[in-house]
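Have a look at model.cif; it's mmCIF, C-alpha atoms:
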data_upload
#
loop_
_atom_site.group_PDB
_atom_site.id
_atom_site.type_symbol
_atom_site.label_atom_id
_atom_site.label_comp_id
_atom_site.auth_asym_id
_atom_site.auth_seq_id
_atom_site.Cartn_x
_atom_site.Cartn_y
_atom_site.Cartn_z
ATOM 1 C CA MET A 5 5.914 2.509 22.450
ATOM 2 C CA LEU A 6 4.449 5.999 22.296
ATOM 3 C CA PRO A 7 0.629 5.969 21.867
ATOM 4 C CA CYS A 8 -0.048 8.449 19.067
ATOM 5 C CA THR A 9 -3.474 9.407 17.761
ATOM 6 C CA ALA A 10 -3.830 11.149 14.419
ATOM 7 C CA LYS A 11 -3.496 14.609 15.938
ATOM 8 C CA CYS A 12 -0.249 13.627 17.716
ATOM 9 C CA PHE A 13 1.515 13.232 14.386
ATOM 10 C CA LYS A 14 2.021 16.969 14.274
ATOM 11 C CA ALA A 15 5.553 17.620 15.392
ATOM 12 C CA PHE A 16 4.791 20.214 18.055
ATOM 13 C CA GLU A 17 2.240 17.968 19.744
ATOM 14 C CA VAL A 18 4.686 15.046 19.824
ATOM 15 C CA ARG A 19 7.267 17.404 21.310
ATOM 16 C CA ASN A 20 4.828 18.620 23.969
ATOM 17 C CA LEU A 21 3.842 15.076 24.841
ATOM 18 C CA LEU A 22 7.439 13.977 25.320
ATOM 19 C CA SER A 23 8.391 17.083 27.265
ATOM 20 C CA THR A 24 5.855 16.269 29.981
ATOM 21 C CA ARG A 25 7.569 12.983 30.771
ATOM 22 C CA GLU A 26 10.599 12.433 32.918
ATOM 23 C CA PRO A 27 13.550 10.842 31.057
ATOM 24 C CA LYS A 28 13.019 7.506 32.826
ATOM 25 C CA SER A 29 9.352 7.389 31.772
ATOM 26 C CA ARG A 30 9.883 8.239 28.117
ATOM 27 C CA PRO A 31 9.461 5.541 25.459
ATOM 28 C CA VAL A 32 12.355 3.105 25.094
ATOM 29 C CA CYS A 33 11.728 3.169 21.346
ATOM 30 C CA ALA A 34 9.525 4.949 18.815
ATOM 31 C CA VAL A 35 8.243 3.034 15.798
ATOM 32 C CA ILE A 36 7.407 5.597 13.127
ATOM 33 C CA ASP A 37 5.982 5.292 9.635
ATOM 34 C CA VAL A 38 8.729 6.114 7.111
ATOM 35 C CA MET A 39 6.222 8.380 5.343
ATOM 36 C CA MET A 40 6.215 10.481 8.512
ATOM 37 C CA GLY A 41 9.969 10.511 8.953
ATOM 38 C CA TRP A 42 9.882 14.199 9.913
ATOM 39 C CA THR A 43 8.793 13.112 13.406
ATOM 40 C CA ALA A 44 12.246 11.576 13.849
ATOM 41 C CA ASP A 45 13.753 14.994 14.585
ATOM 42 C CA VAL A 46 11.487 15.357 17.598
ATOM 43 C CA PHE A 47 12.393 11.958 19.011
ATOM 44 C CA LYS A 48 16.091 12.686 18.525
ATOM 45 C CA ILE A 49 15.787 15.779 20.713
ATOM 46 C CA PHE A 50 14.594 13.567 23.557
ATOM 47 C CA GLU A 51 17.108 10.798 22.731
ATOM 48 C CA VAL A 52 14.414 8.245 21.939
ATOM 49 C CA PRO A 53 15.696 5.511 19.576
ATOM 50 C CA ILE A 54 13.799 5.189 16.309
ATOM 51 C CA VAL A 55 12.683 2.166 14.293
ATOM 52 C CA GLY A 56 11.326 2.933 10.815
ATOM 53 C CA PHE A 57 8.188 1.085 9.750
ATOM 54 C CA PHE A 58 7.154 0.357 6.149
ATOM 55 C CA THR A 59 3.425 -0.242 5.764
ATOM 56 C CA SER A 60 4.242 -1.893 2.435
ATOM 57 C CA GLY A 61 6.405 -4.889 1.623
ATOM 58 C CA ALA A 62 10.155 -5.206 1.118
ATOM 59 C CA CYS A 63 10.223 -6.122 -2.587
ATOM 60 C CA SER A 64 9.333 -2.658 -3.888
ATOM 61 C CA ALA A 65 11.818 -0.981 -1.536
ATOM 62 C CA ALA A 66 14.530 -3.407 -2.674
ATOM 63 C CA ALA A 67 13.769 -2.696 -6.333
ATOM 64 C CA GLU A 68 14.010 1.075 -5.772
ATOM 65 C CA CYS A 69 17.278 0.602 -3.921
ATOM 66 C CA ALA A 70 18.756 -1.547 -6.709
ATOM 67 C CA MET A 71 17.538 0.853 -9.382
ATOM 68 C CA TRP A 72 19.206 3.783 -7.626
ATOM 69 C CA GLN A 73 22.483 1.935 -7.032
ATOM 70 C CA ALA A 74 22.615 0.920 -10.705
ATOM 71 C CA ARG A 75 21.954 4.558 -11.701
ATOM 72 C CA ILE A 76 19.386 3.477 -14.276
ATOM 73 C CA GLN A 77 18.014 6.643 -15.862
ATOM 74 C CA ASP A 78 16.638 5.471 -19.179
ATOM 75 C CA VAL A 79 15.460 2.264 -20.815
ATOM 76 C CA LYS A 80 14.903 1.917 -24.548
ATOM 77 C CA PRO A 81 11.465 0.907 -25.884
ATOM 78 C CA GLY A 82 11.170 -2.873 -25.816
ATOM 79 C CA GLU A 83 14.265 -3.278 -23.629
ATOM 80 C CA ALA A 84 14.224 -5.239 -20.365
ATOM 81 C CA ARG A 85 16.962 -3.938 -18.055
ATOM 82 C CA LEU A 86 17.815 -6.395 -15.278
ATOM 83 C CA LEU A 87 18.345 -4.931 -11.823
ATOM 84 C CA PRO A 88 21.683 -6.123 -10.417
ATOM 85 C CA ARG A 89 22.319 -7.928 -7.114
ATOM 86 C CA LEU A 90 18.677 -8.578 -6.221
ATOM 87 C CA PRO A 91 17.881 -12.029 -4.797
ATOM 88 C CA GLU A 92 15.396 -12.637 -7.625
ATOM 89 C CA ASP A 93 15.576 -11.594 -11.270
ATOM 90 C CA MET A 94 13.694 -8.343 -11.771
ATOM 91 C CA ALA A 95 13.739 -6.138 -14.851
ATOM 92 C CA LEU A 96 12.748 -2.570 -15.685
ATOM 93 C CA PHE A 97 10.881 -1.546 -18.803
ATOM 94 C CA GLU A 98 10.431 1.875 -20.350
ATOM 95 C CA SER A 99 6.993 2.265 -18.771
ATOM 96 C CA ASP A 100 8.466 1.687 -15.295
ATOM 97 C CA LEU A 101 10.475 4.909 -15.537
ATOM 98 C CA LYS A 102 7.560 7.145 -16.391
ATOM 99 C CA HIS A 103 6.967 9.407 -13.414
ATOM 100 C CA ARG A 104 3.300 9.743 -12.577
ATOM 101 C CA PRO A 105 1.484 12.367 -10.536
ATOM 102 C CA HIS A 106 1.152 11.050 -7.018
ATOM 103 C CA GLY A 107 -0.437 12.322 -3.877
ATOM 104 C CA PRO A 108 -2.174 11.457 -0.618
ATOM 105 C CA PRO A 109 -5.505 9.616 -0.713
ATOM 106 C CA PRO A 110 -8.420 11.890 -1.600
ATOM 107 C CA GLY A 111 -10.401 13.026 1.396
ATOM 108 C CA GLY A 112 -7.462 12.613 3.769
ATOM 109 C CA PRO A 113 -5.606 15.334 5.635
ATOM 110 C CA PRO A 114 -3.129 17.407 3.590
ATOM 111 C CA PRO A 115 0.595 17.011 4.253
ATOM 112 C CA LEU A 116 1.806 19.088 7.177
ATOM 113 C CA ARG A 117 3.018 22.382 5.708
ATOM 114 C CA GLY A 118 6.750 22.734 6.114
ATOM 115 C CA ALA A 119 7.283 19.235 7.461
ATOM 116 C CA PRO A 120 10.568 17.727 6.250
ATOM 117 C CA GLY A 121 9.878 15.325 3.417
ATOM 118 C CA SER A 122 6.310 16.558 2.899
ATOM 119 C CA GLU A 123 7.152 17.568 -0.663
ATOM 120 C CA LYS A 124 8.556 14.142 -1.476
ATOM 121 C CA ILE A 125 5.603 11.872 -2.131
ATOM 122 C CA GLY A 126 5.568 8.865 -4.409
ATOM 123 C CA PRO A 127 8.235 7.024 -6.391
ATOM 124 C CA PRO A 128 11.624 8.636 -7.110
ATOM 125 C CA GLU A 129 12.548 10.102 -10.455
ATOM 126 C CA ALA A 130 14.692 7.854 -12.664
ATOM 127 C CA GLY A 131 18.204 7.659 -11.226
ATOM 128 C CA ASP A 132 17.308 9.449 -7.992
ATOM 129 C CA GLN A 133 17.737 8.080 -4.503
ATOM 130 C CA PRO A 134 14.465 6.708 -3.086
ATOM 131 C CA HIS A 135 12.855 9.306 -0.836
ATOM 132 C CA TRP A 136 12.494 6.856 2.045
ATOM 133 C CA MET A 137 16.283 6.352 2.266
ATOM 134 C CA LYS A 138 16.730 9.859 3.599
ATOM 135 C CA GLU A 139 13.885 9.355 6.045
ATOM 136 C CA VAL A 140 15.394 6.189 7.606
ATOM 137 C CA GLU A 141 18.956 7.449 8.011
ATOM 138 C CA GLY A 142 18.487 7.991 11.744
ATOM 139 C CA SER A 143 16.624 4.727 12.349
ATOM 140 C CA MET A 144 18.447 2.034 14.261
ATOM 141 C CA ALA A 145 16.386 -0.680 12.527
ATOM 142 C CA LEU A 146 13.512 -1.138 10.060
ATOM 143 C CA MET A 147 10.283 -3.126 10.086
ATOM 144 C CA PHE A 148 8.152 -4.185 7.128
ATOM 145 C CA ASN A 149 4.503 -5.159 6.925
ATOM 146 C CA THR A 150 5.416 -8.532 5.488
ATOM 147 C CA CYS A 151 6.942 -11.824 6.633
ATOM 148 C CA ASP A 152 10.141 -13.779 6.023
ATOM 149 C CA GLY A 153 8.218 -16.580 4.340
ATOM 150 C CA LEU A 154 6.979 -14.178 1.676
ATOM 151 C CA GLU A 155 9.802 -11.676 1.246
ATOM 152 C CA GLY A 156 12.682 -12.938 3.353
ATOM 153 C CA PRO A 157 15.323 -12.648 0.581
ATOM 154 C CA PHE A 158 14.390 -9.001 -0.052
ATOM 155 C CA ILE A 159 14.472 -8.176 3.662
ATOM 156 C CA ASN A 160 17.959 -9.685 3.882
ATOM 157 C CA TYR A 161 19.053 -7.800 0.761
ATOM 158 C CA LEU A 162 17.996 -4.453 2.243
ATOM 159 C CA ALA A 163 19.603 -5.284 5.585
ATOM 160 C CA ASN A 164 22.923 -5.916 3.835
ATOM 161 C CA GLU A 165 22.711 -2.845 1.605
ATOM 162 C CA LEU A 166 21.701 -0.394 4.343
ATOM 163 C CA GLY A 167 23.595 -2.000 7.206
ATOM 164 C CA LYS A 168 20.617 -2.063 9.572
ATOM 165 C CA PRO A 169 18.687 -4.842 11.322
ATOM 166 C CA MET A 170 15.389 -5.500 9.558
ATOM 167 C CA TRP A 171 12.385 -7.615 10.408
ATOM 168 C CA GLY A 172 9.184 -8.693 8.738
ATOM 169 C CA VAL A 173 6.425 -8.180 11.310
ATOM 170 C CA GLY A 174 3.342 -8.734 9.155
ATOM 171 C CA PRO A 175 0.963 -9.077 7.660
ATOM 172 C CA LEU A 176 -0.550 -6.721 10.230
ATOM 173 C CA LEU A 177 -4.303 -7.201 10.302
ATOM 174 C CA PRO A 178 -6.951 -6.397 12.910
ATOM 175 C CA GLU A 179 -7.035 -8.856 15.776
ATOM 176 C CA GLN A 180 -10.569 -9.848 14.829
ATOM 177 C CA PHE A 181 -9.257 -11.223 11.520
ATOM 178 C CA TYR A 182 -7.155 -13.849 13.267
ATOM 179 C CA LYS A 183 -9.896 -14.599 15.791
ATOM 180 C CA SER A 184 -12.447 -15.193 13.060
ATOM 181 C CA ALA A 185 -11.156 -18.795 12.740
ATOM 182 C CA GLY A 186 -12.488 -19.349 9.242
ATOM 183 C CA SER A 187 -15.729 -17.403 9.684
ATOM 184 C CA VAL A 188 -16.596 -14.351 7.603
ATOM 185 C CA LEU A 189 -15.512 -11.073 9.165
ATOM 186 C CA ASP A 190 -17.862 -8.092 8.903
ATOM 187 C CA ASP A 191 -15.983 -4.901 8.024
ATOM 188 C CA HIS A 192 -18.676 -2.639 9.435
ATOM 189 C CA GLU A 193 -17.864 -3.896 12.942
ATOM 190 C CA MET A 194 -14.438 -2.221 12.737
ATOM 191 C CA ARG A 195 -14.687 0.514 10.111
ATOM 192 C CA THR A 196 -17.039 3.444 10.408
ATOM 193 C CA ASN A 197 -15.502 5.749 7.777
ATOM 194 C CA ARG A 198 -16.476 3.771 4.713
ATOM 195 C CA ARG A 199 -16.874 5.523 1.387
ATOM 196 C CA SER A 200 -19.654 4.926 -1.104
ATOM 197 C CA SER A 201 -19.962 1.646 -2.959
ATOM 198 C CA ASN A 202 -22.281 0.026 -5.476
ATOM 199 C CA MET A 203 -22.437 -3.170 -3.375
ATOM 200 C CA THR A 204 -23.464 -3.866 0.211
ATOM 201 C CA GLU A 205 -21.656 -6.389 2.388
ATOM 202 C CA ASP A 206 -24.673 -8.714 2.269
ATOM 203 C CA GLU A 207 -24.738 -8.632 -1.538
ATOM 204 C CA ILE A 208 -21.039 -9.478 -1.700
ATOM 205 C CA VAL A 209 -21.408 -12.369 0.755
ATOM 206 C CA GLN A 210 -24.313 -13.763 -1.242
ATOM 207 C CA ARG A 211 -22.169 -13.763 -4.382
ATOM 208 C CA LEU A 212 -19.188 -15.330 -2.624
ATOM 209 C CA ASN A 213 -21.337 -18.055 -1.071
ATOM 210 C CA LEU A 214 -22.109 -19.283 -4.576
ATOM 211 C CA LYS A 215 -18.416 -19.865 -5.323
ATOM 212 C CA SER A 216 -16.348 -22.924 -4.490
ATOM 213 C CA ARG A 217 -13.485 -22.803 -2.025
ATOM 214 C CA GLY A 218 -10.380 -20.963 -3.250
ATOM 215 C CA SER A 219 -11.895 -20.071 -6.631
ATOM 216 C CA VAL A 220 -12.137 -16.253 -6.602
ATOM 217 C CA LEU A 221 -9.311 -13.922 -7.618
ATOM 218 C CA TYR A 222 -9.284 -10.615 -5.740
ATOM 219 C CA VAL A 223 -7.813 -7.520 -7.455
ATOM 220 C CA SER A 224 -7.566 -4.114 -5.783
ATOM 221 C CA PHE A 225 -5.233 -1.134 -6.190
ATOM 222 C CA GLY A 226 -6.159 0.881 -3.111
ATOM 223 C CA THR A 227 -6.322 4.672 -3.158
ATOM 224 C CA GLU A 228 -2.741 5.851 -3.734
ATOM 225 C CA VAL A 229 -1.429 3.414 -6.345
ATOM 226 C CA ASP A 230 -3.165 3.616 -9.703
ATOM 227 C CA LEU A 231 -2.842 2.443 -13.293
ATOM 228 C CA THR A 232 -3.050 4.306 -16.561
ATOM 229 C CA LEU A 233 -6.060 3.866 -18.806
ATOM 230 C CA ASP A 234 -4.044 1.592 -21.096
ATOM 231 C CA GLU A 235 -2.880 -0.520 -18.166
ATOM 232 C CA TYR A 236 -6.441 -0.954 -16.959
ATOM 233 C CA LEU A 237 -7.371 -2.331 -20.371
ATOM 234 C CA VAL A 238 -4.362 -4.662 -20.321
ATOM 235 C CA LEU A 239 -5.628 -6.065 -17.023
ATOM 236 C CA ALA A 240 -9.292 -6.094 -18.004
ATOM 237 C CA ASN A 241 -8.877 -8.065 -21.221
ATOM 238 C CA PRO A 242 -7.346 -11.238 -19.727
ATOM 239 C CA LEU A 243 -9.720 -11.070 -16.754
ATOM 240 C CA GLU A 244 -12.636 -10.990 -19.159
ATOM 241 C CA ALA A 245 -11.214 -13.834 -21.231
ATOM 242 C CA SER A 246 -10.333 -16.054 -18.267
ATOM 243 C CA ASN A 247 -12.542 -18.718 -16.800
ATOM 244 C CA ARG A 248 -11.579 -17.623 -13.284
ATOM 245 C CA SER A 249 -14.109 -15.868 -11.105
ATOM 246 C CA PHE A 250 -12.840 -12.557 -9.810
ATOM 247 C CA ILE A 251 -13.661 -9.530 -7.690
ATOM 248 C CA TRP A 252 -12.176 -6.330 -9.033
ATOM 249 C CA VAL A 253 -12.326 -3.141 -6.967
ATOM 250 C CA ILE A 254 -12.246 -0.026 -9.169
ATOM 251 C CA GLN A 255 -12.245 3.465 -7.692
ATOM 252 C CA GLY A 256 -14.405 6.146 -9.271
ATOM 253 C CA GLY A 257 -11.448 8.170 -10.560
ATOM 254 C CA ALA A 258 -9.378 5.145 -11.567
ATOM 255 C CA GLY A 259 -6.979 5.667 -14.430
ATOM 256 C CA ARG A 260 -7.019 9.428 -14.101
ATOM 257 C CA LEU A 261 -3.455 10.330 -13.172
ATOM 258 C CA ASP A 262 -4.408 13.184 -10.909
ATOM 259 C CA PRO A 263 -3.623 13.277 -7.179
ATOM 260 C CA LEU A 264 -6.922 15.081 -6.613
ATOM 261 C CA ARG A 265 -9.083 12.474 -8.344
ATOM 262 C CA HIS A 266 -12.359 11.876 -6.548
ATOM 263 C CA LEU A 267 -13.073 8.425 -5.157
ATOM 264 C CA ASP A 268 -16.839 8.620 -5.113
ATOM 265 C CA LYS A 269 -17.614 9.385 -8.731
ATOM 266 C CA PRO A 270 -16.096 8.820 -12.181
ATOM 267 C CA ALA A 271 -14.090 11.693 -13.608
ATOM 268 C CA GLU A 272 -13.568 12.803 -17.155
ATOM 269 C CA GLY A 273 -10.753 10.786 -18.674
ATOM 270 C CA SER A 274 -10.956 8.055 -16.025
ATOM 271 C CA TYR A 275 -11.384 4.300 -16.407
ATOM 272 C CA PHE A 276 -14.873 3.377 -15.309
ATOM 273 C CA ARG A 277 -15.342 -0.300 -16.119
ATOM 274 C CA SER A 278 -15.681 0.327 -19.891
ATOM 275 C CA GLY A 279 -18.694 -1.979 -19.972
ATOM 276 C CA LEU A 280 -16.751 -4.874 -18.433
ATOM 277 C CA ASP A 281 -19.447 -5.501 -15.829
ATOM 278 C CA ASN A 282 -22.011 -6.102 -18.568
ATOM 279 C CA LYS A 283 -19.674 -8.549 -20.317
ATOM 280 C CA VAL A 284 -18.834 -10.682 -17.284
ATOM 281 C CA GLY A 285 -22.409 -10.899 -16.027
ATOM 282 C CA LYS A 286 -22.974 -12.675 -12.718
ATOM 283 C CA LYS A 287 -19.847 -14.827 -12.974
ATOM 284 C CA ASP A 288 -17.692 -12.014 -11.665
ATOM 285 C CA LEU A 289 -18.083 -8.981 -9.467
ATOM 286 C CA ILE A 290 -16.883 -5.425 -10.062
ATOM 287 C CA ILE A 291 -17.088 -3.093 -7.076
ATOM 288 C CA ASP A 292 -17.148 0.641 -7.681
ATOM 289 C CA GLY A 293 -15.643 2.527 -4.763
ATOM 290 C CA TRP A 294 -15.200 1.131 -1.270
ATOM 291 C CA ALA A 295 -14.898 -2.633 -0.783
ATOM 292 C CA PRO A 296 -15.170 -4.642 2.485
ATOM 293 C CA GLN A 297 -11.683 -6.064 2.087
ATOM 294 C CA LEU A 298 -11.486 -7.957 5.388
ATOM 295 C CA LEU A 299 -14.788 -9.636 4.646
ATOM 296 C CA ILE A 300 -13.579 -10.725 1.210
ATOM 297 C CA LEU A 301 -10.231 -11.975 2.506
ATOM 298 C CA SER A 302 -11.855 -13.975 5.294
ATOM 299 C CA HIS A 303 -14.314 -15.734 2.971
ATOM 300 C CA GLN A 304 -13.341 -19.272 2.019
ATOM 301 C CA SER A 305 -14.127 -18.749 -1.672
ATOM 302 C CA ARG A 306 -11.330 -16.257 -2.275
ATOM 303 C CA VAL A 307 -8.358 -17.734 -4.066
ATOM 304 C CA ASP A 308 -5.046 -18.414 -2.306
ATOM 305 C CA PHE A 309 -3.181 -15.961 -4.573
ATOM 306 C CA TYR A 310 -4.436 -12.502 -5.364
ATOM 307 C CA LEU A 311 -3.193 -9.054 -6.168
ATOM 308 C CA ILE A 312 -3.423 -6.173 -3.727
ATOM 309 C CA VAL A 313 -1.451 -2.978 -4.112
ATOM 310 C CA ASP A 314 -1.473 -0.179 -1.519
ATOM 311 C CA GLY A 315 -3.627 -2.287 0.742
ATOM 312 C CA ILE A 316 -3.383 -5.235 3.068
ATOM 313 C CA GLN A 317 -0.357 -7.319 2.161
ATOM 314 C CA GLN A 318 -1.168 -10.949 1.382
#
What does the file become when written as structure tokens?
Amino acid sequence: MLPCTAKCFKAFEVRNLLSTREPKSRPVCAVIDVMMGWTADVFKIFEVPIVGFFTSGACSAAAECAMWQARIQDVKPGEARLLPRLPEDMALFESDLKHRPHGPPPGGPPPLRGAPGSEKIGPPEAGDQPHWMKEVEGSMALMFNTCDGLEGPFINYLANELGKPMWGVGPLLPEQFYKSAGSVLDDHEMRTNRRSSNMTEDEIVQRLNLKSRGSVLYVSFGTEVDLTLDEYLVLANPLEASNRSFIWVIQGGAGRLDPLRHLDKPAEGSYFRSGLDNKVGKKDLIIDGWAPQLLILSHQSRVDFYLIVDGIQQ
């Protein structure tokens, strides 16, 4: 497997790297992120087989595939349109078809100018083919950051629809996570590029230590996937009313549908807790900005089911 650092993702550098190797010493296979499918053209030049890798799970990809095949372009208000042929019943609502501004995480490198597929970021328009389908056309197989026990039926569905071998190879977590053997894992030992936060790791551990085993719900939407202001309120109200302890990670620009929203400070028109932290008191924990996710997931107090989008699959 070709060892690529961040700078090697540029097509010309991948080409130069491969060109220095004799055919017999070139990689037997290249596993490439489907969001960087433009690198496939380089590997094809050197006749290196390609396996596409989804950092997300199979369910969302299956839903996009079914939506495209059914040519669903509009849904009436209040209507629930079932997606055909999926292994589980899934329905679309009017809000699901609203296209939202989408972009790379703030602070990250911009898309490579001119790279194939660089202009296609985010979910497809209603009725359009998912962008990733074009990117995986030359792949001999696909991998997903999930497992058969969690999403096996959706992996099999996609394998049948696309006619390619597919495997769940996740959840992919740092080796230290599996070696922790029930002990709390310190994020700072592995991550040095942390953003600002209103809570330190020690403060979070102290809160979690007060909770019973499997009692804390963890909610986080990462940096690319976001909710509207109304959707944040829909989520906040039942969390506030529940008797379940929770940790909710809210980015500074949350709810502001702008690809350039800033992670480190609230923006005009964004959802910024709306006083929820004052209402929940010490029972619950709201983290503004960066959260030590591996630490939280390795703590025994976190609940066995929680919601993470655009983050570590669990």
Which residues match the PyMOL selection byres ((chain A and resi 200-211) around 6) in the file above, as a list in words? Arg199, Leu212, Asn213, Leu214, Asp292, Gly293 and Trp294 of chain A
Excluding Lys287 of chain A and residues on its chain fewer than 6 positions from it, collect all residues at most 9 Å away from it, counting all atoms listed in the file, and give them as a CSV table (one decimal) with C-alpha atoms, in the frame of the given file.
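Heads up, here's the output in selection.csv:
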chain,number,residue,atom,x,y,z
A,211,ARG,CA,-22.2,-13.8,-4.4
A,248,ARG,CA,-11.6,-17.6,-13.3
A,249,SER,CA,-14.1,-15.9,-11.1
A,250,PHE,CA,-12.8,-12.6,-9.8
Reference answer for the PyMOL selection byres ((chain A and resi 163-180) around 7), as a list in words: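 Listing what the PyMOL selection byres ((chain A and resi 163-180) around 7) selects in the shown file: Met144, Ala145, Leu146, Met147, Phe148, Asn149, Thr150, Cys151, Asp152, Ile159, Asn160, Tyr161, Leu162, Phe181, Tyr182, Lys183, Ser184, Gln317 and Gln318 of chain A.
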Check the smallest atom-to-atom distance from each of A:Gly131, A:Phe57, A:Ala67, A:Ser224 to Met39 of chain A using only C-alpha atoms, then report the winner. A:Phe57
What's around Gly41 of chain A at 6 Å? Count only C-alpha atoms, leave out sequence neighbours fewer than 3 positions away in its own chain, and write the answer as JSON, numbers by chain. {"A": [38, 44, 139]}
Using only C-alpha atoms for the distances, tell me which of A:Ser29, A:Ser187, A:Ser305, A:Ala15 is nearest to Ser216 of chain A.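 Going through A:Ser29, A:Ser187, A:Ser305, A:Ala15 one by one, the smallest distance to Ser216 of chain A is for A:Ser305.
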Model the absent atoms of segment 74-87 of chain A so that N, CA, C and O atoms are present, and write the result as a PDB file, in the coordinates of the input.
ATOM      1  N   ALA A  74      22.180   1.180  -9.333  1.00  0.00           N
ATOM      2  CA  ALA A  74      22.615   0.920 -10.705  1.00  0.00           C
ATOM      3  C   ALA A  74      22.577   2.179 -11.566  1.00  0.00           C
ATOM      4  O   ALA A  74      23.025   2.146 -12.723  1.00  0.00           O
ATOM      5  N   ARG A  75      22.051   3.278 -10.996  1.00  0.00           N
ATOM      6  CA  ARG A  75      21.954   4.558 -11.701  1.00  0.00           C
ATOM      7  C   ARG A  75      21.243   4.409 -13.055  1.00  0.00           C
ATOM      8  O   ARG A  75      21.667   4.953 -14.075  1.00  0.00           O
ATOM      9  N   ILE A  76      20.156   3.673 -13.049  1.00  0.00           N
ATOM     10  CA  ILE A  76      19.386   3.477 -14.276  1.00  0.00           C
ATOM     11  C   ILE A  76      18.509   4.696 -14.502  1.00  0.00           C
ATOM     12  O   ILE A  76      17.616   4.998 -13.703  1.00  0.00           O
ATOM     13  N   GLN A  77      18.755   5.416 -15.573  1.00  0.00           N
ATOM     14  CA  GLN A  77      18.014   6.643 -15.862  1.00  0.00           C
ATOM     15  C   GLN A  77      17.155   6.548 -17.109  1.00  0.00           C
ATOM     16  O   GLN A  77      16.236   7.336 -17.288  1.00  0.00           O
ATOM     17  N   ASP A  78      17.467   5.619 -17.984  1.00  0.00           N
ATOM     18  CA  ASP A  78      16.638   5.471 -19.179  1.00  0.00           C
ATOM     19  C   ASP A  78      16.694   4.023 -19.656  1.00  0.00           C
ATOM     20  O   ASP A  78      17.672   3.316 -19.454  1.00  0.00           O
ATOM     21  N   VAL A  79      15.585   3.597 -20.238  1.00  0.00           N
ATOM     22  CA  VAL A  79      15.460   2.264 -20.815  1.00  0.00           C
ATOM     23  C   VAL A  79      14.832   2.431 -22.192  1.00  0.00           C
ATOM     24  O   VAL A  79      13.834   3.141 -22.349  1.00  0.00           O
ATOM     25  N   LYS A  80      15.410   1.790 -23.182  1.00  0.00           N
ATOM     26  CA  LYS A  80      14.903   1.917 -24.548  1.00  0.00           C
ATOM     27  C   LYS A  80      13.579   1.170 -24.709  1.00  0.00           C
ATOM     28  O   LYS A  80      13.326   0.196 -24.008  1.00  0.00           O
ATOM     29  N   PRO A  81      12.731   1.611 -25.626  1.00  0.00           N
ATOM     30  CA  PRO A  81      11.465   0.907 -25.884  1.00  0.00           C
ATOM     31  C   PRO A  81      11.725  -0.555 -26.231  1.00  0.00           C
ATOM     32  O   PRO A  81      12.576  -0.867 -27.062  1.00  0.00           O
ATOM     33  N   GLY A  82      11.020  -1.441 -25.565  1.00  0.00           N
ATOM     34  CA  GLY A  82      11.170  -2.873 -25.816  1.00  0.00           C
ATOM     35  C   GLY A  82      12.303  -3.524 -25.054  1.00  0.00           C
ATOM     36  O   GLY A  82      12.430  -4.753 -25.060  1.00  0.00           O
ATOM     37  N   GLU A  83      13.132  -2.730 -24.378  1.00  0.00           N
ATOM     38  CA  GLU A  83      14.265  -3.278 -23.629  1.00  0.00           C
ATOM     39  C   GLU A  83      13.834  -3.696 -22.226  1.00  0.00           C
ATOM     40  O   GLU A  83      13.003  -3.049 -21.600  1.00  0.00           O
ATOM     41  N   ALA A  84      14.419  -4.797 -21.738  1.00  0.00           N
ATOM     42  CA  ALA A  84      14.224  -5.239 -20.365  1.00  0.00           C
ATOM     43  C   ALA A  84      15.570  -5.134 -19.661  1.00  0.00           C
ATOM     44  O   ALA A  84      16.480  -5.912 -19.942  1.00  0.00           O
ATOM     45  N   ARG A  85      15.701  -4.177 -18.750  1.00  0.00           N
ATOM     46  CA  ARG A  85      16.962  -3.938 -18.055  1.00  0.00           C
ATOM     47  C   ARG A  85      16.934  -4.640 -16.696  1.00  0.00           C
ATOM     48  O   ARG A  85      16.171  -4.279 -15.800  1.00  0.00           O
ATOM     49  N   LEU A  86      17.768  -5.660 -16.536  1.00  0.00           N
ATOM     50  CA  LEU A  86      17.815  -6.395 -15.278  1.00  0.00           C
ATOM     51  C   LEU A  86      18.408  -5.529 -14.170  1.00  0.00           C
ATOM     52  O   LEU A  86      19.385  -4.798 -14.377  1.00  0.00           O
ATOM     53  N   LEU A  87      17.825  -5.631 -12.987  1.00  0.00           N
ATOM     54  CA  LEU A  87      18.345  -4.931 -11.823  1.00  0.00           C
ATOM     55  C   LEU A  87      19.400  -5.809 -11.159  1.00  0.00           C
ATOM     56  O   LEU A  87      19.130  -6.968 -10.843  1.00  0.00           O
TER      57      LEU A  87
END
